[in-house]
file start23.txt (compact mmCIF, C-alpha atoms and all ligand atoms)
# COMPACT_ATOMS: atom_id res chain seq x y z
CA MET A 99 -23.10 15.66 -20.63
CA ARG A 100 -20.05 17.73 -21.43
CA PHE A 101 -16.53 17.84 -20.02
CA TYR A 102 -13.85 20.49 -20.16
CA ASP A 103 -10.08 19.93 -20.18
CA THR A 104 -8.86 23.23 -18.77
CA HIS A 105 -5.13 22.47 -19.06
CA ALA A 106 -3.49 20.55 -21.90
CA HIS A 107 -0.12 20.85 -23.63
CA LEU A 108 -1.16 19.91 -27.14
CA ASP A 109 1.90 21.64 -28.62
CA SER A 110 3.99 18.89 -26.99
CA GLY A 111 6.00 16.65 -29.29
CA ASP A 112 4.10 13.72 -27.78
CA PHE A 113 1.10 14.75 -29.91
CA SER A 114 2.90 15.65 -33.13
CA SER A 115 2.00 12.45 -34.96
CA ASP A 116 -1.67 11.96 -34.04
CA LEU A 117 -3.26 15.20 -32.80
CA PRO A 118 -6.37 14.93 -35.05
CA GLN A 119 -7.12 11.48 -33.58
CA VAL A 120 -6.47 12.78 -30.03
CA ILE A 121 -9.02 15.56 -30.59
CA GLU A 122 -11.45 13.07 -32.13
CA ARG A 123 -11.21 10.77 -29.08
CA ALA A 124 -11.79 13.75 -26.78
CA ARG A 125 -14.95 14.71 -28.71
CA ALA A 126 -16.18 11.11 -28.61
CA ALA A 127 -15.73 11.11 -24.81
CA GLY A 128 -17.81 14.30 -24.45
CA ILE A 129 -14.98 16.81 -23.97
CA ASP A 130 -16.26 19.85 -25.82
CA ARG A 131 -13.66 22.42 -24.74
CA ILE A 132 -9.89 22.12 -24.38
CA ILE A 133 -7.50 24.88 -23.33
CA THR A 134 -4.00 24.33 -24.68
CA ILE A 135 -1.39 26.17 -22.63
CA GLY A 136 1.79 27.93 -23.70
CA THR A 137 5.05 27.76 -21.78
CA ASP A 138 7.26 30.11 -23.82
CA LEU A 139 6.96 32.17 -27.00
CA ALA A 140 7.20 29.26 -29.47
CA SER A 141 4.76 27.10 -27.55
CA SER A 142 2.35 30.01 -27.10
CA GLU A 143 2.46 30.68 -30.85
CA GLN A 144 1.80 27.02 -31.46
CA ALA A 145 -1.11 27.03 -28.98
CA VAL A 146 -2.71 29.91 -30.89
CA ARG A 147 -2.15 28.18 -34.24
CA LEU A 148 -3.78 24.99 -32.96
CA SER A 149 -6.75 26.96 -31.58
CA GLU A 150 -7.31 28.31 -35.10
CA GLN A 151 -7.53 24.78 -36.48
CA TYR A 152 -10.15 23.34 -34.10
CA ASP A 153 -13.39 25.05 -33.00
CA ASP A 154 -13.37 23.42 -29.57
CA LEU A 155 -9.75 24.32 -28.83
CA PHE A 156 -8.80 27.59 -27.07
CA ALA A 157 -5.39 28.88 -26.01
CA ALA A 158 -3.60 30.37 -23.03
CA VAL A 159 -0.35 32.19 -23.78
CA GLY A 160 2.41 32.65 -21.26
CA TRP A 161 5.98 32.03 -20.20
CA HIS A 162 6.59 29.28 -17.62
CA PRO A 163 8.96 30.01 -14.70
CA ASN A 164 11.08 26.96 -15.61
CA ASP A 165 11.88 28.71 -18.90
CA ALA A 166 12.56 32.09 -17.28
CA SER A 167 16.23 32.10 -18.30
CA THR A 168 15.30 32.33 -21.99
CA ALA A 169 12.66 35.05 -21.53
CA PRO A 170 13.32 38.59 -22.79
CA ASP A 171 13.66 41.38 -20.21
CA ASP A 172 10.14 42.54 -21.02
CA VAL A 173 7.97 39.61 -22.00
CA ARG A 174 4.86 41.77 -22.46
CA ALA A 175 6.06 43.07 -25.82
CA VAL A 176 6.26 39.58 -27.33
CA LEU A 177 3.15 38.12 -25.69
CA ARG A 178 0.78 41.09 -26.13
CA PRO A 179 0.06 40.59 -29.87
CA LEU A 180 -0.61 36.89 -29.30
CA ALA A 181 -2.75 37.52 -26.23
CA ARG A 182 -5.05 39.79 -28.25
CA HIS A 183 -6.05 36.86 -30.47
CA PRO A 184 -9.80 36.14 -30.11
CA LYS A 185 -9.18 32.49 -29.16
CA VAL A 186 -6.79 33.35 -26.33
CA VAL A 187 -8.78 33.06 -23.10
CA ALA A 188 -6.09 33.31 -20.40
CA ILE A 189 -2.48 34.19 -19.65
CA GLY A 190 -0.53 31.09 -18.61
CA GLU A 191 1.11 29.23 -17.50
CA ILE A 192 2.91 31.65 -15.25
CA GLY A 193 4.20 31.57 -11.67
CA LEU A 194 7.19 30.52 -9.61
CA ASP A 195 9.08 27.21 -9.48
CA TYR A 196 11.93 26.75 -7.03
CA TYR A 197 11.92 22.96 -7.37
CA ARG A 198 13.83 23.09 -10.64
CA LEU A 199 16.46 25.58 -9.49
CA PRO A 200 20.00 24.16 -9.40
CA GLY A 201 21.52 22.83 -6.17
CA ARG A 202 20.06 21.16 -3.11
CA PRO A 203 17.10 22.29 -0.98
CA PRO A 204 16.50 24.84 0.30
CA ARG A 205 17.42 25.94 -3.23
CA GLU A 206 15.71 29.30 -2.83
CA GLN A 207 18.25 30.26 -0.15
CA LEU A 208 21.37 29.65 -2.25
CA PRO A 209 22.99 33.00 -3.14
CA GLU A 210 23.61 31.93 -6.74
CA ASN A 211 19.87 31.32 -7.21
CA GLN A 212 18.82 34.85 -6.19
CA PRO A 213 19.13 36.34 -9.69
CA ARG A 214 17.14 33.39 -11.09
CA ILE A 215 14.38 33.96 -8.56
CA GLU A 216 14.32 37.68 -9.32
CA LYS A 217 13.95 36.87 -13.03
CA GLN A 218 11.05 34.49 -12.31
CA LYS A 219 9.33 37.11 -10.16
CA ASN A 220 9.73 39.83 -12.80
CA LEU A 221 8.35 37.51 -15.45
CA PHE A 222 5.39 36.63 -13.25
CA ARG A 223 4.64 40.31 -12.46
CA GLN A 224 4.87 41.39 -16.09
CA GLN A 225 2.42 38.69 -17.16
CA LEU A 226 -0.04 39.51 -14.37
CA GLU A 227 0.07 43.11 -15.56
CA LEU A 228 -0.55 41.98 -19.13
CA ALA A 229 -3.53 39.90 -17.99
CA ILE A 230 -5.02 42.93 -16.23
CA GLU A 231 -4.34 45.16 -19.23
CA LEU A 232 -6.23 42.75 -21.52
CA GLY A 233 -8.98 41.69 -19.12
CA LEU A 234 -7.84 38.05 -18.93
CA ASN A 235 -7.54 35.57 -16.06
CA CYS A 236 -4.36 33.60 -15.34
CA VAL A 237 -3.23 29.98 -15.13
CA VAL A 238 -0.74 29.78 -12.26
CA HIS A 239 1.93 27.15 -11.72
CA GLN A 240 3.87 26.95 -8.48
CA ARG A 241 6.18 24.29 -7.13
CA ASP A 242 8.10 24.63 -3.87
CA ALA A 243 7.33 28.36 -4.02
CA LEU A 244 3.93 28.61 -2.35
CA GLU A 245 4.51 31.55 0.01
CA ASP A 246 6.24 33.72 -2.59
CA THR A 247 3.56 32.88 -5.18
CA LEU A 248 0.70 33.79 -2.85
CA ALA A 249 2.45 36.98 -1.72
CA LEU A 250 3.24 38.14 -5.24
CA PHE A 251 -0.13 37.18 -6.72
CA GLY A 252 -1.95 38.64 -3.72
CA SER A 253 -1.23 42.23 -4.76
CA TYR A 254 -2.93 41.62 -8.14
CA ALA A 255 -5.79 39.45 -6.88
CA ASN A 256 -8.43 42.17 -6.97
CA ARG A 257 -7.76 42.83 -10.68
CA THR A 258 -7.36 39.35 -12.21
CA ARG A 259 -8.26 35.85 -11.08
CA ALA A 260 -5.97 32.83 -11.06
CA VAL A 261 -6.48 29.13 -11.27
CA PHE A 262 -3.85 27.32 -9.22
CA HIS A 263 -3.58 24.43 -11.60
CA CYS A 264 -2.71 20.82 -10.76
CA TYR A 265 -3.73 21.50 -7.18
CA ALA A 266 -1.90 19.22 -4.74
CA ASN A 267 -1.37 21.27 -1.57
CA ASP A 268 -3.30 21.08 1.69
CA GLN A 269 -6.67 22.36 2.82
CA PRO A 270 -5.47 25.49 4.69
CA THR A 271 -3.68 26.57 1.49
CA LEU A 272 -6.82 25.86 -0.51
CA GLU A 273 -8.73 28.21 1.77
CA ARG A 274 -6.15 30.97 1.28
CA ILE A 275 -6.43 30.63 -2.51
CA LEU A 276 -10.23 30.71 -2.47
CA ALA A 277 -10.12 33.75 -0.15
CA LEU A 278 -8.20 35.59 -2.89
CA GLY A 279 -11.14 34.99 -5.24
CA SER A 280 -9.12 32.41 -7.17
CA LEU A 281 -9.80 28.82 -8.15
CA VAL A 282 -8.04 25.48 -8.21
CA SER A 283 -8.08 22.69 -10.77
CA TYR A 284 -7.58 19.00 -10.20
CA THR A 285 -5.79 16.46 -12.40
CA GLY A 286 -5.68 12.67 -12.59
CA ILE A 287 -3.61 12.76 -9.39
CA LEU A 288 -7.03 12.44 -7.71
CA THR A 289 -6.96 8.77 -8.67
CA TYR A 290 -3.47 8.01 -7.30
CA LYS A 291 -3.24 5.81 -4.23
CA THR A 292 -0.99 8.18 -2.29
CA ALA A 293 -3.02 11.32 -2.97
CA ASP A 294 -5.29 11.37 0.09
CA ASN A 295 -4.52 15.06 0.69
CA VAL A 296 -5.69 15.95 -2.83
CA ARG A 297 -8.90 13.92 -2.45
CA GLN A 298 -9.54 15.62 0.88
CA CYS A 299 -9.10 19.04 -0.76
CA LEU A 300 -11.44 18.09 -3.59
CA THR A 301 -14.22 17.16 -1.19
CA ALA A 302 -13.65 20.42 0.73
CA THR A 303 -13.81 22.69 -2.36
CA PRO A 304 -17.25 24.29 -2.84
CA ASP A 305 -19.13 23.92 -6.13
CA GLY A 306 -18.09 26.71 -8.49
CA GLN A 307 -14.55 27.04 -7.16
CA PHE A 308 -12.77 24.23 -8.98
CA MET A 309 -12.26 22.88 -12.48
CA LEU A 310 -10.77 19.71 -13.95
CA GLU A 311 -7.79 19.27 -16.23
CA THR A 312 -5.47 16.62 -17.61
CA ASP A 313 -2.12 18.51 -17.76
CA CYS A 314 -1.53 16.09 -20.64
CA PRO A 315 0.78 14.57 -21.84
CA TYR A 316 1.55 14.12 -18.12
CA LEU A 317 -0.40 12.68 -15.17
CA SER A 318 -2.72 10.11 -16.73
CA PRO A 319 -5.43 9.05 -14.29
CA VAL A 320 -5.73 5.43 -13.20
CA PRO A 321 -6.27 3.08 -15.14
CA TYR A 322 -4.16 4.86 -17.78
CA ARG A 323 -1.34 5.79 -15.42
CA GLY A 324 2.05 5.42 -17.11
CA GLN A 325 0.61 5.97 -20.59
CA ARG A 326 0.64 9.27 -22.44
CA CYS A 327 -2.21 11.35 -21.07
CA GLU A 328 -4.71 12.98 -23.45
CA PRO A 329 -7.78 15.24 -23.08
CA ALA A 330 -10.28 12.35 -23.36
CA PHE A 331 -9.05 11.14 -19.96
CA VAL A 332 -10.52 14.17 -18.16
CA ARG A 333 -13.77 12.21 -18.21
CA THR A 334 -12.15 9.51 -16.02
CA THR A 335 -11.00 12.20 -13.59
CA ALA A 336 -14.55 13.63 -13.60
CA GLU A 337 -15.98 10.22 -12.74
CA ALA A 338 -13.52 9.87 -9.86
CA ALA A 339 -14.36 13.39 -8.64
CA ALA A 340 -18.12 12.73 -8.75
CA ALA A 341 -17.68 9.53 -6.72
CA LEU A 342 -15.53 11.33 -4.13
CA ARG A 343 -18.02 14.20 -3.82
CA ARG A 344 -20.98 11.77 -3.74
CA CYS A 345 -22.74 13.62 -6.52
CA SER A 346 -23.95 12.57 -9.95
CA LEU A 347 -21.62 12.81 -12.94
CA GLU A 348 -24.26 15.13 -14.48
CA HIS A 349 -23.92 17.54 -11.57
CA LEU A 350 -20.12 17.35 -11.58
CA SER A 351 -20.09 18.02 -15.32
CA ALA A 352 -22.48 20.97 -15.01
CA ILE A 353 -20.64 22.75 -12.18
CA THR A 354 -17.10 22.29 -13.49
CA CYS A 355 -18.02 23.32 -17.03
CA ALA A 356 -19.97 26.39 -15.83
CA THR A 357 -16.96 27.42 -13.73
CA ALA A 358 -14.60 27.00 -16.67
CA ASP A 359 -16.94 28.79 -19.10
CA ALA A 360 -17.01 31.80 -16.76
CA PHE A 361 -13.26 31.75 -16.03
CA PHE A 362 -11.90 31.35 -19.57
CA ARG A 363 -13.26 34.37 -21.37
CA ARG A 364 -12.16 37.84 -22.16
CA GLY A 365 -13.35 40.47 -19.71
CA THR A 366 -12.95 44.22 -19.51
CA PRO A 367 -9.40 45.44 -20.15
CA ARG A 368 -7.95 47.92 -17.64
ZN ZN B 401 0.97 22.69 -17.50
call {"tool": "encode", "arguments": {"input": "start23.txt", "output": "structure tokens", "more": "lines below"}}
Ligand SMILES: [Zn+2]
result
Amino acid sequence: MRFYDTHAHLDSGDFSSDLPQVIERARAAGIDRIITIGTDLASSEQAVRLSEQYDDLFAAVGWHPNDASTAPDDVRAVLRPLARHPKVVAIGEIGLDYYRLPGRPPREQLPENQPRIEKQKNLFRQQLELAIELGLNCVVHQRDALEDTLALFGSYANRTRAVFHCYANDQPTLERILALGSLVSYTGILTYKTADNVRQCLTATPDGQFMLETDCPYLSPVPYRGQRCEPAFVRTTAEAAAALRRCSLEHLSAITCATADAFFRRGTPR
């Protein structure tokens, strides 16, 4: 049986002292593919470097909306050479995040935040265009920006696919995402006591339309909650998901890995 961690931040300082052992533990637990995700230029470069060092490690390159203020006016020029690397299998993570804007909610309505939001949207659009240009799919992050994210992504949805990662919204939203031809991925949040809505979404997602991830070093599943998360723990999340869906772990492993294998590969550039 194999498992696939579709979203890890292995460039994080939390892994700087023991990454070889982290990868070894993942292999021992049956995780045979890990996607390490960039959040700005330096972290995307690091993701690519790491993917060169380990056969089972692949990279996504992208600029996260929380780091939009440090992005160049045209991010395509700096990301394009990296994104052409043979081990880069997606653009991400990209999207919109209004939760981290300054001020109090509704932060997206504060006049001083309008230029910040415009910058995030430009960054998101540019990276969707780059994904289409190179025939790649996208890893999308959104927080407190659901409607704007769906509206903006919607006009690209027939040319690239997205995974709405760390899915934690409701079932009607899930249906809108799937209707766009996109996917969701679930983290260790599935195992948290208060996450009934996420468990309900998991059981409502058809086979072939979801993947699993750790989002490590964050979001360790129970019983590791509170510790640093690492790719090996995606197996614990898979066990929880199989129990919730009342299927065998073998089936869960087969469908989530097949979905990820098909999603994370280079397609036809446009
Ligand atoms: Zn992430």
call {"tool": "residues_near_ligand", "arguments": {"input": "start23.txt", "ligand": "ligand ZN 401 (chain B)", "cutoff": "10 Å", "atoms": "only C-alpha atoms and all ligand atoms", "output": "mmCIF file with C-alpha atoms, in the coordinates of the input"}}
result
data_model
loop_
_atom_site.group_PDB
_atom_site.id
_atom_site.type_symbol
_atom_site.label_atom_id
_atom_site.label_comp_id
_atom_site.auth_asym_id
_atom_site.auth_seq_id
_atom_site.Cartn_x
_atom_site.Cartn_y
_atom_site.Cartn_z
ATOM 1 C CA THR A 104 -8.860 23.230 -18.770
ATOM 2 C CA HIS A 105 -5.130 22.470 -19.060
ATOM 3 C CA ALA A 106 -3.490 20.550 -21.900
ATOM 4 C CA HIS A 107 -0.120 20.850 -23.630
ATOM 5 C CA THR A 134 -4.000 24.330 -24.680
ATOM 6 C CA ILE A 135 -1.390 26.170 -22.630
ATOM 7 C CA GLY A 136 1.790 27.930 -23.700
ATOM 8 C CA THR A 137 5.050 27.760 -21.780
ATOM 9 C CA HIS A 162 6.590 29.280 -17.620
ATOM 10 C CA GLY A 190 -0.530 31.090 -18.610
ATOM 11 C CA GLU A 191 1.110 29.230 -17.500
ATOM 12 C CA ILE A 192 2.910 31.650 -15.250
ATOM 13 C CA VAL A 237 -3.230 29.980 -15.130
ATOM 14 C CA VAL A 238 -0.740 29.780 -12.260
ATOM 15 C CA HIS A 239 1.930 27.150 -11.720
ATOM 16 C CA HIS A 263 -3.580 24.430 -11.600
ATOM 17 C CA CYS A 264 -2.710 20.820 -10.760
ATOM 18 C CA GLU A 311 -7.790 19.270 -16.230
ATOM 19 C CA THR A 312 -5.470 16.620 -17.610
ATOM 20 C CA ASP A 313 -2.120 18.510 -17.760
ATOM 21 C CA CYS A 314 -1.530 16.090 -20.640
ATOM 22 C CA PRO A 315 0.780 14.570 -21.840
ATOM 23 C CA TYR A 316 1.550 14.120 -18.120
#
call {"tool": "atom_distance", "arguments": {"input": "start23.txt", "atom1": "atom CA of A:Phe362", "atom2": "atom CA of A:Asp305"}}
result
17.0 Å
call {"tool": "closest_residue", "arguments": {"input": "start23.txt", "among": "A:Gln269, A:Thr366, A:Gln240, A:Thr285", "to": "A:Cys299", "atoms": "all atoms listed in the file"}}
result
A:Gln269
call {"tool": "closest_residue", "arguments": {"input": "start23.txt", "among": "A:Ile230, A:Cys327, A:Val186, A:Leu250", "to": "A:Leu108", "atoms": "only C-alpha atoms"}}
result
A:Cys327
call {"tool": "closest_residue", "arguments": {"input": "start23.txt", "among": "A:Val332, A:Leu221, A:Ala338, A:Ile353", "to": "A:Arg131", "atoms": "all atoms listed in the file"}}
result
A:Val332
call {"tool": "closest_residue", "arguments": {"input": "start23.txt", "among": "A:Asn164, A:Thr334, A:Arg178, A:Lys219", "to": "A:Glu231", "atoms": "only C-alpha atoms"}}
result
A:Arg178
call {"tool": "residues_around", "arguments": {"input": "start23.txt", "residues": "A:Glu206", "least_positions_apart": "3", "cutoff": "10 Å", "atoms": "all atoms listed in the file", "output": "list in words"}}
result
Asp195, Tyr196, Tyr197, Leu199, Pro200, Gly201, Arg202, Pro203, Pro209, Glu210, Asn211, Gln212, Arg214, Ile215, Asp242 and Ala243 of chain A
call {"tool": "atom_distance", "arguments": {"input": "start23.txt", "atom1": "atom CA of A:Thr258", "atom2": "atom CA of A:Glu227"}}
result
9.0 Å
